[in-house]
$ cat coords_9.txt   # compact mmCIF, C-alpha atoms
# COMPACT_ATOMS: atom_id res chain seq x y z
CA MET A 300 -6.09 -5.31 7.06
CA MET A 301 -2.78 -6.05 8.72
CA LEU A 302 0.42 -4.05 8.57
CA CYS A 303 3.32 -6.42 7.81
CA GLN A 304 7.04 -5.90 7.45
CA ALA A 305 9.64 -8.27 6.02
CA TYR A 306 11.66 -10.09 8.67
CA ASP A 307 15.26 -11.21 8.39
CA PRO A 308 16.75 -13.12 11.35
CA GLU A 309 20.06 -11.22 11.04
CA HIS A 310 18.79 -7.70 10.52
CA GLY A 311 15.36 -7.76 12.10
CA LEU A 312 12.46 -5.99 10.41
CA THR A 313 13.57 -4.57 7.10
CA GLY A 314 12.04 -2.72 4.20
CA ALA A 315 8.92 -0.66 3.86
CA PRO A 316 5.76 -1.90 5.57
CA MET A 317 2.96 -3.38 3.49
CA VAL A 318 -0.75 -3.86 4.07
CA ALA A 319 -2.13 -7.38 3.61
CA ILE A 320 -5.53 -8.96 4.09
CA ASP A 321 -5.70 -11.59 6.77
CA LEU A 322 -7.75 -14.78 6.53
CA PHE A 323 -6.52 -16.52 9.63
CA GLY A 324 -6.81 -14.01 12.42
CA ALA A 325 -3.07 -13.49 12.72
CA GLY A 326 -2.34 -11.55 15.90
CA LEU A 327 0.04 -8.72 16.67
CA HIS A 328 3.68 -9.91 16.34
CA SER A 329 2.74 -13.18 14.59
CA LYS A 330 5.25 -14.37 12.04
CA VAL A 331 3.33 -14.83 8.82
CA MET A 332 3.93 -15.68 5.21
CA VAL A 333 2.65 -13.04 2.80
CA SER A 334 1.79 -13.76 -0.81
CA THR A 335 1.80 -11.07 -3.52
CA ASP A 336 -0.26 -13.14 -5.94
CA GLY A 337 -2.98 -10.79 -7.14
CA LEU A 338 -4.98 -13.50 -8.88
CA GLY A 339 -5.09 -15.57 -5.68
CA ALA A 340 -6.05 -12.50 -3.65
CA ARG A 341 -8.93 -11.65 -5.98
CA HIS A 342 -10.10 -15.24 -5.71
CA ILE A 343 -10.12 -15.00 -1.91
CA VAL A 344 -12.25 -11.85 -1.83
CA HIS A 345 -14.55 -13.22 -4.57
CA ASP A 346 -14.20 -10.02 -6.57
CA ASP A 347 -12.49 -9.97 -9.95
CA SER A 348 -12.28 -6.19 -9.91
CA SER A 349 -10.53 -5.85 -6.54
CA PRO A 350 -7.06 -4.30 -6.70
CA ILE A 351 -5.99 -6.37 -3.69
CA ARG A 352 -2.60 -8.00 -4.01
CA ASN A 353 -1.01 -8.94 -0.67
CA PHE A 354 -2.59 -11.54 1.56
CA ILE A 355 -1.45 -13.58 4.53
CA GLN A 356 -1.01 -17.17 3.37
CA GLY A 357 -0.36 -18.68 6.75
CA VAL A 358 0.87 -18.16 10.29
CA ILE A 359 4.29 -19.67 10.94
CA ASP A 360 4.60 -22.10 13.83
CA MET B 276 -0.60 -2.28 -0.77
CA ARG B 277 2.01 0.27 0.20
CA ILE B 278 1.43 3.28 2.42
CA ALA B 279 2.34 6.66 1.00
CA GLN B 280 1.85 10.37 1.56
CA VAL B 281 0.34 12.56 -1.14
CA ILE B 282 2.82 15.34 -1.86
CA GLY B 283 1.53 16.85 -5.06
CA ARG B 284 -0.59 16.66 -8.19
CA VAL B 285 0.21 16.18 -11.83
CA THR B 286 -2.02 17.74 -14.49
CA LEU B 287 -1.80 16.50 -18.04
CA SER B 288 -2.73 18.52 -21.12
CA ILE B 289 -2.85 15.48 -23.38
CA GLN B 290 -3.55 12.01 -22.09
CA ASP B 291 -4.84 8.59 -23.04
CA PRO B 292 -8.67 8.70 -23.35
CA SER B 293 -8.99 5.85 -20.84
CA PHE B 294 -7.71 8.18 -18.07
CA LYS B 295 -10.86 10.32 -18.27
CA GLY B 296 -12.18 11.36 -14.88
CA GLY B 297 -9.14 10.38 -12.84
CA ARG B 298 -6.41 12.50 -11.32
CA TRP B 299 -2.72 11.94 -10.88
CA LEU B 300 -1.03 12.33 -7.53
CA MET B 301 2.62 12.42 -6.58
CA VAL B 302 3.11 10.05 -3.67
CA ASN B 303 6.08 9.35 -1.43
CA PRO B 304 6.04 5.97 0.37
CA LEU B 305 6.32 6.04 4.17
CA ASP B 306 8.99 4.33 6.21
CA ALA B 307 7.71 1.98 8.91
CA GLN B 308 8.67 4.26 11.82
CA GLN B 309 6.52 7.08 10.43
CA CYS B 310 3.30 5.08 10.20
CA ASN B 311 1.91 5.72 13.68
CA ASP B 312 1.71 9.52 13.54
CA ALA B 313 1.37 9.88 9.78
CA CYS B 314 -2.39 10.43 9.78
CA GLN B 315 -2.18 13.15 12.47
CA THR B 316 0.92 15.13 11.46
CA ALA B 317 2.51 15.24 8.02
CA PRO B 318 5.53 12.92 7.96
CA ALA B 319 8.88 13.98 6.50
CA LEU B 320 9.79 12.86 3.00
CA THR B 321 11.57 9.53 2.87
CA ALA B 322 14.47 8.33 0.75
CA GLN B 323 12.12 5.99 -1.09
CA SER B 324 11.43 7.13 -4.61
CA THR B 325 8.41 9.32 -5.23
CA PHE B 326 6.12 8.24 -8.02
CA VAL B 327 2.86 9.18 -9.71
CA ALA B 328 -0.31 7.24 -8.97
CA TYR B 329 -3.77 7.38 -10.56
CA ASP B 330 -6.48 8.53 -8.17
CA ASN B 331 -10.22 8.05 -8.36
CA MET B 332 -10.99 8.74 -4.69
CA GLY B 333 -10.22 12.44 -4.41
CA ALA B 334 -7.21 12.17 -2.11
CA GLY B 335 -5.53 15.51 -1.44
CA ASP B 336 -2.18 16.91 -0.39
CA GLY B 337 -0.97 15.43 2.89
CA ASP B 338 -3.42 12.51 2.87
CA ILE B 339 -2.01 9.10 3.74
CA VAL B 340 -3.09 6.70 1.04
CA GLY B 341 -2.81 3.02 0.19
CA ILE B 342 -1.19 2.40 -3.19
CA VAL B 343 -1.39 -0.76 -5.25
CA GLU B 344 1.25 -1.20 -7.93
CA GLY B 345 1.63 -3.60 -10.81
CA ALA B 346 -0.97 -5.48 -12.82
CA GLU B 347 -3.46 -5.33 -9.93
CA ALA B 348 -3.67 -1.54 -10.35
CA THR B 349 -5.78 -2.10 -13.48
CA ALA B 350 -8.14 -4.64 -11.84
CA PRO B 351 -10.91 -2.17 -10.86
CA PHE B 352 -11.38 -1.12 -14.49
CA ASP B 353 -13.51 -3.09 -16.92
CA PHE B 354 -11.59 -1.65 -19.89
CA PRO B 355 -7.87 -1.74 -20.68
CA ILE B 356 -6.00 1.12 -19.02
CA PRO B 357 -2.24 1.69 -19.02
CA ILE B 358 -1.60 2.47 -15.34
CA ASP B 359 0.82 0.87 -12.92
CA ALA B 360 -0.06 2.50 -9.60
CA ILE B 361 -3.45 3.43 -8.15
CA THR B 362 -4.73 4.81 -4.86
CA VAL B 363 -7.11 2.37 -3.19
CA ALA B 364 -7.55 3.71 0.34
CA ILE B 365 -7.26 6.86 2.45
CA PHE B 366 -6.11 5.94 5.95
CA ASP B 367 -7.65 7.25 9.17
CA SER B 368 -5.12 5.69 11.49
CA ILE B 369 -2.30 3.18 11.32
CA SER B 370 -0.88 1.20 14.18
CA TYR B 371 2.73 0.09 13.82
CA GLU B 372 3.95 -1.74 16.92
CA PRO B 373 6.98 -3.90 16.12
CA PRO B 374 8.03 -6.38 18.82
CA ILE B 375 10.60 -4.84 21.16
CA SER B 376 12.80 -7.92 20.87
CA ILE B 377 13.25 -7.50 17.12
CA PRO B 378 15.14 -4.47 15.79
CA SER B 379 13.32 -2.43 13.16
CA ASN B 380 15.62 -0.99 10.54
CA ARG B 381 13.35 1.42 8.76
$ encode --input "coords_9.txt" --output "structure tokens"
Amino acid sequence: MMLCQAYDPEHGLTGAPMVAIDLFGAGLHSKVMVSTDGLGARHIVHDDSSPIRNFIQGVID
Amino acid sequence: MRIAQVIGRVTLSIQDPSFKGGRWLMVNPLDAQQCNDACQTAPALTAQSTFVAYDNMGAGDGDIVGIVEGAEATAPFDFPIPIDAITVAIFDSISYEPPISIPSNR
């Protein structure tokens, strides 16, 4: 589980933090893209009854 | 999942039968800067709106919990249930270390 916060180049880190599952081994301070697609998240954890929603889709280069 | 502090309980005298066995907690979401110490000392209330979440885990006052909102809140149930926020985790510790080079506004 990774703690993520929205990033805006002008204002820095904004908004409340969110917890997302990480598939790619994103490290501390990585810029990542987070999806809030619950159906996709349940597919990833292979559990239709998981309440998971946020997951890291990719690490930005 | 959002991180929130349990600040109270709600008891219902009449409720939908599908709620049987669960409890309702009042939760106040944490701001990012509060995350690090939240599990050790009770954080102050934030300006974010407090809401009521369904709880099946037995979280109590002052606990720091993970909350899932929206359609996913009903996923753990194998019957239809009209809830829109549920507790899914009680946190032991949280590490919030934003990069020094990027300002954090919360």
$ interface_residues --input "coords_9.txt" --of "chain A" --to "chain B" --cutoff "10 Å" --atoms "only C-alpha atoms" --output "PyMOL selection string"
chain A and resi 301-320+327-329+335-338+340-341+346-354
$ atom_distance --input "coords_9.txt" --atom1 "atom CA of B:Ser368" --atom2 "atom CA of A:Ile343"
25.2 Å
$ atom_distance --input "coords_9.txt" --atom1 "atom CA of B:Ser288" --atom2 "atom CA of B:Leu320"
27.8 Å
$ atom_distance --input "coords_9.txt" --atom1 "atom CA of B:Gln309" --atom2 "atom CA of B:Ser324"
15.8 Å
$ axis_aligned_box --input "coords_9.txt" --around "stretch 298-304 of chain B" --padding-each-side "3 Å" --output "lines of an AutoDock Vina configuration file"
center_x = -0.2
center_y = 9.2
center_z = -5.5
size_x = 18.5
size_y = 12.5
size_z = 17.7
$ decode --input "coords_9.txt" --residues "stretch 307-353 of chain B" --atoms "N, CA and C atoms" --output "short mmCIF file (atom, residue, chain, number, x, y, z; two decimals), in the first residue's frame"
data_model
loop_
_atom_site.label_atom_id
_atom_site.label_comp_id
_atom_site.auth_asym_id
_atom_site.auth_seq_id
_atom_site.Cartn_x
_atom_site.Cartn_y
_atom_site.Cartn_z
N ALA B 307 -2.85 15.65 4.85
CA ALA B 307 -1.59 14.95 4.62
C ALA B 307 -0.59 15.17 5.75
N GLN B 308 -0.47 16.41 6.21
CA GLN B 308 0.56 16.73 7.22
C GLN B 308 0.33 16.01 8.55
N GLN B 309 -0.87 15.53 8.78
CA GLN B 309 -1.19 14.88 10.06
C GLN B 309 -0.90 13.39 10.05
N CYS B 310 -0.62 12.84 8.87
CA CYS B 310 -0.55 11.38 8.74
C CYS B 310 0.51 10.73 9.61
N ASN B 311 1.70 11.34 9.69
CA ASN B 311 2.82 10.70 10.36
C ASN B 311 2.56 10.37 11.82
N ASP B 312 1.98 11.32 12.57
CA ASP B 312 1.80 11.12 14.01
C ASP B 312 0.41 10.61 14.36
N ALA B 313 -0.45 10.49 13.35
CA ALA B 313 -1.86 10.24 13.62
C ALA B 313 -2.10 8.98 14.45
N CYS B 314 -1.31 7.93 14.21
CA CYS B 314 -1.55 6.67 14.91
C CYS B 314 -1.04 6.72 16.35
N GLN B 315 -0.17 7.66 16.67
CA GLN B 315 0.37 7.76 18.03
C GLN B 315 -0.43 8.76 18.88
N THR B 316 -0.68 9.95 18.34
CA THR B 316 -1.44 10.95 19.09
C THR B 316 -2.62 11.41 18.25
N ALA B 317 -3.74 11.61 18.90
CA ALA B 317 -4.97 11.96 18.16
C ALA B 317 -4.79 13.28 17.41
N PRO B 318 -4.99 13.27 16.09
CA PRO B 318 -4.84 14.50 15.32
C PRO B 318 -6.02 15.45 15.53
N ALA B 319 -5.80 16.73 15.26
CA ALA B 319 -6.89 17.71 15.37
C ALA B 319 -7.89 17.47 14.24
N LEU B 320 -9.10 17.95 14.43
CA LEU B 320 -10.11 17.84 13.38
C LEU B 320 -9.69 18.69 12.18
N THR B 321 -10.02 18.24 11.00
CA THR B 321 -9.66 18.99 9.80
C THR B 321 -10.89 19.68 9.24
N ALA B 322 -10.66 20.54 8.26
CA ALA B 322 -11.77 21.27 7.63
C ALA B 322 -12.53 20.38 6.65
N GLN B 323 -12.00 19.21 6.38
CA GLN B 323 -12.71 18.29 5.47
C GLN B 323 -13.99 17.81 6.15
N SER B 324 -15.00 17.55 5.34
CA SER B 324 -16.29 17.24 5.96
C SER B 324 -16.30 15.85 6.59
N THR B 325 -16.87 15.81 7.78
CA THR B 325 -17.05 14.57 8.53
C THR B 325 -18.22 13.80 7.93
N PHE B 326 -18.09 12.49 7.86
CA PHE B 326 -19.21 11.71 7.36
C PHE B 326 -19.35 10.42 8.16
N VAL B 327 -20.38 9.66 7.83
CA VAL B 327 -20.67 8.43 8.55
C VAL B 327 -20.29 7.25 7.67
N ALA B 328 -19.56 6.31 8.24
CA ALA B 328 -19.12 5.14 7.48
C ALA B 328 -19.58 3.87 8.20
N TYR B 329 -19.89 2.85 7.45
CA TYR B 329 -20.27 1.54 7.97
C TYR B 329 -19.00 0.84 8.45
N ASP B 330 -19.11 0.14 9.55
CA ASP B 330 -17.92 -0.51 10.12
C ASP B 330 -18.23 -1.94 10.52
N ASN B 331 -17.40 -2.85 10.03
CA ASN B 331 -17.54 -4.27 10.36
C ASN B 331 -16.33 -4.77 11.12
N MET B 332 -15.36 -3.87 11.39
CA MET B 332 -14.08 -4.31 11.96
C MET B 332 -13.96 -4.04 13.45
N GLY B 333 -14.87 -3.23 13.99
CA GLY B 333 -14.77 -2.89 15.40
C GLY B 333 -13.82 -1.76 15.69
N ALA B 334 -13.69 -0.81 14.78
CA ALA B 334 -12.85 0.36 15.02
C ALA B 334 -13.50 1.22 16.10
N GLY B 335 -12.67 1.85 16.93
CA GLY B 335 -13.20 2.66 18.03
C GLY B 335 -12.75 4.10 17.94
N ASP B 336 -13.25 4.90 18.87
CA ASP B 336 -12.92 6.32 18.92
C ASP B 336 -11.40 6.53 18.88
N GLY B 337 -10.95 7.43 18.04
CA GLY B 337 -9.54 7.78 17.96
C GLY B 337 -8.75 6.89 17.01
N ASP B 338 -9.30 5.77 16.59
CA ASP B 338 -8.58 4.91 15.64
C ASP B 338 -8.43 5.62 14.30
N ILE B 339 -7.33 5.32 13.62
CA ILE B 339 -7.10 5.85 12.28
C ILE B 339 -7.48 4.74 11.30
N VAL B 340 -8.46 5.01 10.49
CA VAL B 340 -9.01 3.96 9.63
C VAL B 340 -8.89 4.32 8.15
N GLY B 341 -8.91 3.30 7.32
CA GLY B 341 -8.99 3.48 5.87
C GLY B 341 -10.45 3.39 5.47
N ILE B 342 -10.88 4.33 4.65
CA ILE B 342 -12.29 4.41 4.24
C ILE B 342 -12.37 4.29 2.73
N VAL B 343 -13.23 3.41 2.27
CA VAL B 343 -13.50 3.35 0.83
C VAL B 343 -14.91 3.90 0.60
N GLU B 344 -15.01 4.80 -0.38
CA GLU B 344 -16.31 5.42 -0.68
C GLU B 344 -16.74 5.03 -2.09
N GLY B 345 -18.01 5.17 -2.32
CA GLY B 345 -18.55 4.92 -3.66
C GLY B 345 -19.01 3.48 -3.83
N ALA B 346 -19.19 3.08 -5.07
CA ALA B 346 -19.73 1.76 -5.37
C ALA B 346 -18.88 0.65 -4.75
N GLU B 347 -17.57 0.86 -4.65
CA GLU B 347 -16.69 -0.18 -4.12
C GLU B 347 -16.99 -0.50 -2.66
N ALA B 348 -17.64 0.42 -1.95
CA ALA B 348 -17.97 0.18 -0.54
C ALA B 348 -18.89 -1.03 -0.39
N THR B 349 -19.66 -1.35 -1.42
CA THR B 349 -20.59 -2.47 -1.31
C THR B 349 -19.97 -3.79 -1.80
N ALA B 350 -18.77 -3.74 -2.33
CA ALA B 350 -18.14 -4.92 -2.93
C ALA B 350 -17.99 -6.11 -1.97
N PRO B 351 -17.64 -5.88 -0.68
CA PRO B 351 -17.45 -7.05 0.20
C PRO B 351 -18.73 -7.81 0.50
N PHE B 352 -19.88 -7.27 0.17
CA PHE B 352 -21.14 -7.91 0.53
C PHE B 352 -21.67 -8.72 -0.65
N ASP B 353 -22.22 -9.90 -0.35
CA ASP B 353 -22.76 -10.71 -1.44
C ASP B 353 -24.27 -10.51 -1.57
#
